[in-house]
file target_36.cif (mmCIF, C-alpha atoms)
data_data
loop_
_atom_site.group_PDB
_atom_site.id
_atom_site.type_symbol
_atom_site.label_atom_id
_atom_site.label_comp_id
_atom_site.auth_asym_id
_atom_site.auth_seq_id
_atom_site.Cartn_x
_atom_site.Cartn_y
_atom_site.Cartn_z
ATOM 1 C CA MET G 409 0.855 5.116 20.178
ATOM 2 C CA LYS G 410 -2.695 4.056 19.470
ATOM 3 C CA ILE G 411 -3.294 3.704 15.737
ATOM 4 C CA THR G 412 -6.193 5.867 14.657
ATOM 5 C CA ASN G 413 -7.678 6.955 11.360
ATOM 6 C CA LYS G 414 -5.432 10.019 11.617
ATOM 7 C CA ALA G 415 -2.354 7.800 11.867
ATOM 8 C CA GLY G 416 -3.521 5.757 8.883
ATOM 9 C CA VAL G 417 -3.997 8.877 6.775
ATOM 10 C CA TRP G 418 -0.542 10.151 7.708
ATOM 11 C CA GLY G 419 0.906 6.732 6.903
ATOM 12 C CA GLU G 420 -0.548 6.900 3.391
ATOM 13 C CA VAL G 421 0.805 10.435 2.931
ATOM 14 C CA PHE G 422 4.318 9.345 3.929
ATOM 15 C CA ALA G 423 4.062 6.192 1.776
ATOM 16 C CA ALA G 424 3.054 8.266 -1.271
ATOM 17 C CA ARG G 425 5.946 10.658 -0.639
ATOM 18 C CA TYR G 426 8.330 7.706 -0.380
ATOM 19 C CA LEU G 427 7.042 6.280 -3.662
ATOM 20 C CA ARG G 428 7.397 9.586 -5.536
ATOM 21 C CA ASP G 429 10.915 10.024 -4.150
ATOM 22 C CA HIS G 430 11.793 6.556 -5.486
ATOM 23 C CA GLY G 431 10.540 7.040 -9.045
ATOM 24 C CA TYR G 432 6.953 5.798 -8.792
ATOM 25 C CA GLU G 433 4.107 7.658 -10.474
ATOM 26 C CA ILE G 434 1.012 7.635 -8.277
ATOM 27 C CA ILE G 435 -2.021 6.719 -10.384
ATOM 28 C CA THR G 436 -4.678 6.851 -7.671
ATOM 29 C CA ALA G 437 -5.217 6.509 -3.944
ATOM 30 C CA ASN G 438 -7.952 4.735 -1.994
ATOM 31 C CA PHE G 439 -9.361 2.863 -4.987
ATOM 32 C CA ARG G 440 -12.604 1.392 -3.630
ATOM 33 C CA THR G 441 -14.548 -1.464 -5.167
ATOM 34 C CA ARG G 442 -17.302 -3.803 -4.017
ATOM 35 C CA VAL G 443 -14.537 -6.290 -3.191
ATOM 36 C CA GLY G 444 -12.275 -4.027 -1.146
ATOM 37 C CA GLU G 445 -9.899 -1.098 -1.290
ATOM 38 C CA ILE G 446 -6.380 -0.550 -2.570
ATOM 39 C CA ASP G 447 -4.519 2.157 -0.675
ATOM 40 C CA LEU G 448 -2.219 3.267 -3.504
ATOM 41 C CA ILE G 449 -1.803 2.322 -7.134
ATOM 42 C CA ALA G 450 1.419 3.416 -8.805
ATOM 43 C CA GLU G 451 3.347 2.829 -12.003
ATOM 44 C CA LYS G 452 7.040 1.960 -11.840
ATOM 45 C CA ASP G 453 9.486 2.248 -14.743
ATOM 46 C CA GLY G 454 6.746 1.847 -17.374
ATOM 47 C CA LYS G 455 6.875 -1.858 -16.532
ATOM 48 C CA TYR G 456 4.837 -2.450 -13.366
ATOM 49 C CA MET G 457 1.425 -1.473 -12.088
ATOM 50 C CA CYS G 458 1.936 -1.657 -8.340
ATOM 51 C CA PHE G 459 -1.006 -2.262 -6.030
ATOM 52 C CA ILE G 460 0.166 -1.105 -2.626
ATOM 53 C CA GLU G 461 -1.228 -1.836 0.814
ATOM 54 C CA VAL G 462 -0.048 0.707 3.385
ATOM 55 C CA LYS G 463 0.166 -0.467 6.988
ATOM 56 C CA THR G 464 0.882 2.089 9.690
ATOM 57 C CA ARG G 465 1.900 1.343 13.253
ATOM 58 C CA GLY G 466 3.352 3.155 16.230
ATOM 59 C CA ALA G 467 6.980 2.699 17.189
ATOM 60 C CA ASP G 468 5.862 0.655 20.196
ATOM 61 C CA SER G 469 3.947 -1.920 18.128
ATOM 62 C CA TRP G 470 4.463 -5.548 19.098
ATOM 63 C CA TYR G 471 4.351 -6.875 15.562
ATOM 64 C CA GLU G 472 5.397 -5.861 12.090
ATOM 65 C CA PRO G 473 2.767 -4.016 10.036
ATOM 66 C CA LYS G 474 3.047 -6.471 7.131
ATOM 67 C CA GLU G 475 1.682 -9.213 9.385
ATOM 68 C CA ALA G 476 -1.739 -7.554 9.114
ATOM 69 C CA VAL G 477 -1.881 -8.324 5.372
ATOM 70 C CA ASP G 478 -3.345 -11.775 5.750
ATOM 71 C CA PHE G 479 -4.649 -14.125 3.059
ATOM 72 C CA ALA G 480 -8.157 -12.611 3.102
ATOM 73 C CA LYS G 481 -6.763 -9.075 2.722
ATOM 74 C CA GLN G 482 -4.517 -10.225 -0.118
ATOM 75 C CA ASN G 483 -7.514 -11.731 -1.935
ATOM 76 C CA ARG G 484 -9.495 -8.480 -1.560
ATOM 77 C CA ILE G 485 -6.587 -6.499 -3.016
ATOM 78 C CA ILE G 486 -6.192 -8.952 -5.906
ATOM 79 C CA GLY G 487 -9.936 -8.801 -6.640
ATOM 80 C CA SER G 488 -9.893 -5.012 -6.576
ATOM 81 C CA ALA G 489 -6.856 -5.011 -8.902
ATOM 82 C CA LYS G 490 -8.825 -7.059 -11.430
ATOM 83 C CA ILE G 491 -11.633 -4.503 -11.291
ATOM 84 C CA PHE G 492 -9.068 -1.713 -11.752
ATOM 85 C CA ASP G 493 -7.783 -3.500 -14.872
ATOM 86 C CA ARG G 494 -11.270 -3.573 -16.390
ATOM 87 C CA ALA G 495 -11.722 0.151 -15.720
ATOM 88 C CA TYR G 496 -8.234 1.316 -16.738
ATOM 89 C CA THR G 497 -6.652 -0.445 -19.679
ATOM 90 C CA HIS G 498 -2.906 -0.932 -19.403
ATOM 91 C CA SER G 499 -0.342 -3.514 -20.460
ATOM 92 C CA LEU G 500 1.860 -3.420 -17.382
ATOM 93 C CA MET G 501 2.704 -6.386 -15.173
ATOM 94 C CA HIS G 502 1.017 -6.569 -11.787
ATOM 95 C CA ARG G 503 2.956 -6.286 -8.593
ATOM 96 C CA PHE G 504 1.495 -6.441 -5.084
ATOM 97 C CA ASP G 505 3.559 -4.501 -2.571
ATOM 98 C CA VAL G 506 3.262 -3.560 1.092
ATOM 99 C CA CYS G 507 4.516 -0.299 2.557
ATOM 100 C CA GLU G 508 5.135 -0.349 6.303
ATOM 101 C CA VAL G 509 5.119 3.074 7.975
ATOM 102 C CA ILE G 510 6.184 3.489 11.589
ATOM 103 C CA LEU G 511 5.141 6.755 13.263
ATOM 104 C CA ASP G 512 6.137 8.385 16.513
ATOM 105 C CA ASP G 513 3.592 9.805 18.971
ATOM 106 C CA ASP G 514 3.474 13.090 17.025
ATOM 107 C CA PHE G 515 2.629 11.305 13.741
ATOM 108 C CA ARG G 516 6.106 11.845 12.291
ATOM 109 C CA PRO G 517 7.682 8.989 10.348
ATOM 110 C CA VAL G 518 10.248 6.931 12.206
ATOM 111 C CA SER G 519 10.759 4.560 9.275
ATOM 112 C CA VAL G 520 9.288 3.486 5.966
ATOM 113 C CA ASN G 521 9.893 -0.081 4.807
ATOM 114 C CA TYR G 522 8.817 -0.868 1.251
ATOM 115 C CA ILE G 523 8.328 -4.533 0.351
ATOM 116 C CA GLU G 524 8.147 -5.288 -3.361
ATOM 117 C CA ASN G 525 6.310 -8.456 -4.409
ATOM 118 C CA ALA G 526 4.969 -8.954 -0.890
ATOM 119 C CA PHE G 527 2.470 -11.461 -2.262
ATOM 120 C CA ALA G 528 1.309 -12.824 -5.605
ATOM 121 C CA GLU G 529 -1.939 -13.744 -7.308
ATOM 122 C CA THR G 530 -2.890 -17.300 -6.503
#

call {"tool": "encode", "arguments": {"input": "target_36.cif", "output": "structure tokens"}}
result
Amino acid sequence: MKITNKAGVWGEVFAARYLRDHGYEIITANFRTRVGEIDLIAEKDGKYMCFIEVKTRGADSWYEPKEAVDFAKQNRIIGSAKIFDRAYTHSLMHRFDVCEVILDDDFRPVSVNYIENAFAET
């Protein structure tokens, strides 16, 4: 399966559904700043503000989706999270997570793997 914008959109839809089903409250999606974009921002248990990078791949992918969240991408997410904090006051702890979504050729989810604390602010 070739990953397209359509696949990426479906990946974010399935990631958001997964989060809601697991007790997360979605705050916003596709939060764009001059630094970068955060795919999903969600609150968990009134304790964490989770900044979530969604990575979607086909079932025939040669590498794990999380491998695409390199150091530069992490820094863009962290910078965007700081801008989010200035715009939306909250007292929750930050958490940076990655949600891996694997789709079949018909854009149906094969698996969703959620990685809490995938990386930290440096």

call {"tool": "residues_around", "arguments": {"input": "target_36.cif", "residues": "region 476-480 of chain G", "least_positions_apart": "6", "cutoff": "9 Å", "atoms": "all atoms listed in the file", "output": "ChimeraX atom specification"}}
result
/G:461,463,506

call {"tool": "closest_residue", "arguments": {"input": "target_36.cif", "among": "G:Arg428, G:Arg442, G:Lys414, G:Arg465", "to": "Pro517 (chain G)", "atoms": "only C-alpha atoms"}}
result
G:Arg465

call {"tool": "closest_residue", "arguments": {"input": "target_36.cif", "among": "G:Asp453, G:Asp447, G:Asp512, G:Asp493", "to": "Ala467 (chain G)", "atoms": "all atoms listed in the file"}}
result
G:Asp512

call {"tool": "atom_distance", "arguments": {"input": "target_36.cif", "atom1": "CA of Arg516 (chain G)", "atom2": "CA of Arg484 (chain G)"}}
result
29.1 Å

call {"tool": "resolve_selection", "arguments": {"input": "target_36.cif", "expression": "the PyMOL selection byres ((chain G and resi 504) around 10)", "output": "MDAnalysis selection string"}}
result
chainID G and resid 449 456:461 482 485:486 489 502:503 505:506 523:529

call {"tool": "write_last_selection", "arguments": {"input": "target_36.cif", "atoms": "C-alpha atoms", "output": "CSV table (one decimal), in the coordinates of the input"}}
result
chain,number,residue,atom,x,y,z
G,449,ILE,CA,-1.8,2.3,-7.1
G,456,TYR,CA,4.8,-2.4,-13.4
G,457,MET,CA,1.4,-1.5,-12.1
G,458,CYS,CA,1.9,-1.7,-8.3
G,459,PHE,CA,-1.0,-2.3,-6.0
G,460,ILE,CA,0.2,-1.1,-2.6
G,461,GLU,CA,-1.2,-1.8,0.8
G,482,GLN,CA,-4.5,-10.2,-0.1
G,485,ILE,CA,-6.6,-6.5,-3.0
G,486,ILE,CA,-6.2,-9.0,-5.9
G,489,ALA,CA,-6.9,-5.0,-8.9
G,502,HIS,CA,1.0,-6.6,-11.8
G,503,ARG,CA,3.0,-6.3,-8.6
G,505,ASP,CA,3.6,-4.5,-2.6
G,506,VAL,CA,3.3,-3.6,1.1
G,523,ILE,CA,8.3,-4.5,0.4
G,524,GLU,CA,8.1,-5.3,-3.4
G,525,ASN,CA,6.3,-8.5,-4.4
G,526,ALA,CA,5.0,-9.0,-0.9
G,527,PHE,CA,2.5,-11.5,-2.3
G,528,ALA,CA,1.3,-12.8,-5.6
G,529,GLU,CA,-1.9,-13.7,-7.3

call {"tool": "closest_residue", "arguments": {"input": "target_36.cif", "among": "G:Ala423, G:Leu448, G:Met501, G:Gly466", "to": "Phe515 (chain G)", "atoms": "only C-alpha atoms"}}
result
G:Gly466

call {"tool": "resolve_selection", "arguments": {"input": "target_36.cif", "expression": "the PyMOL selection byres ((chain G and resi 492) around 10)", "output": "list of chain:residue names"}}
result
G:Phe439, G:Arg440, G:Thr441, G:Ile446, G:Ile449, G:Phe459, G:Ile486, G:Gly487, G:Ser488, G:Ala489, G:Lys490, G:Ile491, G:Asp493, G:Arg494, G:Ala495, G:Tyr496, G:Thr497, G:His498

call {"tool": "closest_residue", "arguments": {"input": "target_36.cif", "among": "G:Val443, G:Val509, G:Lys452, G:Glu472", "to": "Val421 (chain G)", "atoms": "only C-alpha atoms"}}
result
G:Val509

call {"tool": "axis_aligned_box", "arguments": {"input": "target_36.cif", "around": "region 434-445 of chain G", "padding_each_side": "6 Å", "output": "AutoDock Vina command-line options"}}
result
--center_x -8.1 --center_y 0.7 --center_z -5.8 --size_x 30.3 --size_y 25.9 --size_z 21.2

call {"tool": "residues_around", "arguments": {"input": "target_36.cif", "residues": "Thr464 (chain G)", "least_positions_apart": "4", "cutoff": "6 Å", "atoms": "only C-alpha atoms", "output": "ChimeraX atom specification"}}
result
/G:416,419,508-510

call {"tool": "atom_distance", "arguments": {"input": "target_36.cif", "atom1": "CA of Glu433 (chain G)", "atom2": "CA of Cys507 (chain G)"}}
result
15.3 Å

call {"tool": "atom_distance", "arguments": {"input": "target_36.cif", "atom1": "CA of Gly454 (chain G)", "atom2": "CA of Tyr522 (chain G)"}}
result
18.9 Å

call {"tool": "closest_residue", "arguments": {"input": "target_36.cif", "among": "G:Gly444, G:Gly431, G:Phe422, G:Glu451", "to": "Val520 (chain G)", "atoms": "only C-alpha atoms"}}
result
G:Phe422

call {"tool": "decode", "arguments": {"input": "target_36.cif", "residues": "region 487-504 of chain G", "atoms": "N, CA and C atoms", "output": "compact mmCIF listing (two decimals), in the first residue's frame"}}
result
# COMPACT_ATOMS: atom_id res chain seq x y z
N GLY G 487 8.35 22.16 20.34
CA GLY G 487 8.19 23.60 20.13
C GLY G 487 6.75 24.00 19.95
N SER G 488 6.00 23.20 19.21
CA SER G 488 4.57 23.49 19.01
C SER G 488 3.80 23.31 20.31
N ALA G 489 4.20 22.35 21.15
CA ALA G 489 3.56 22.16 22.45
C ALA G 489 3.76 23.39 23.34
N LYS G 490 4.92 23.99 23.28
CA LYS G 490 5.17 25.20 24.07
C LYS G 490 4.28 26.35 23.60
N ILE G 491 4.06 26.44 22.31
CA ILE G 491 3.16 27.47 21.78
C ILE G 491 1.72 27.17 22.21
N PHE G 492 1.34 25.91 22.19
CA PHE G 492 0.01 25.51 22.67
C PHE G 492 -0.18 25.96 24.11
N ASP G 493 0.84 25.74 24.95
CA ASP G 493 0.75 26.11 26.36
C ASP G 493 0.53 27.61 26.56
N ARG G 494 1.14 28.42 25.71
CA ARG G 494 0.95 29.87 25.82
C ARG G 494 -0.47 30.27 25.41
N ALA G 495 -1.05 29.52 24.48
CA ALA G 495 -2.39 29.85 23.98
C ALA G 495 -3.50 29.27 24.86
N TYR G 496 -3.25 28.13 25.47
CA TYR G 496 -4.26 27.43 26.26
C TYR G 496 -3.68 27.08 27.62
N THR G 497 -4.05 27.87 28.61
CA THR G 497 -3.53 27.68 29.95
C THR G 497 -4.06 26.37 30.55
N HIS G 498 -3.17 25.60 31.08
CA HIS G 498 -3.53 24.37 31.80
C HIS G 498 -2.41 24.05 32.77
N SER G 499 -2.70 23.17 33.72
CA SER G 499 -1.69 22.80 34.71
C SER G 499 -1.36 21.31 34.63
N LEU G 500 -1.58 20.72 33.50
CA LEU G 500 -1.33 19.29 33.33
C LEU G 500 0.12 19.03 32.92
N MET G 501 0.59 17.84 33.23
CA MET G 501 1.94 17.44 32.83
C MET G 501 1.93 17.10 31.34
N HIS G 502 3.05 17.39 30.70
CA HIS G 502 3.20 17.06 29.28
C HIS G 502 3.55 15.59 29.11
N ARG G 503 3.03 15.04 28.02
CA ARG G 503 3.45 13.71 27.61
C ARG G 503 3.47 13.70 26.09
N PHE G 504 4.52 13.15 25.52
CA PHE G 504 4.68 13.08 24.07
C PHE G 504 4.56 11.62 23.64
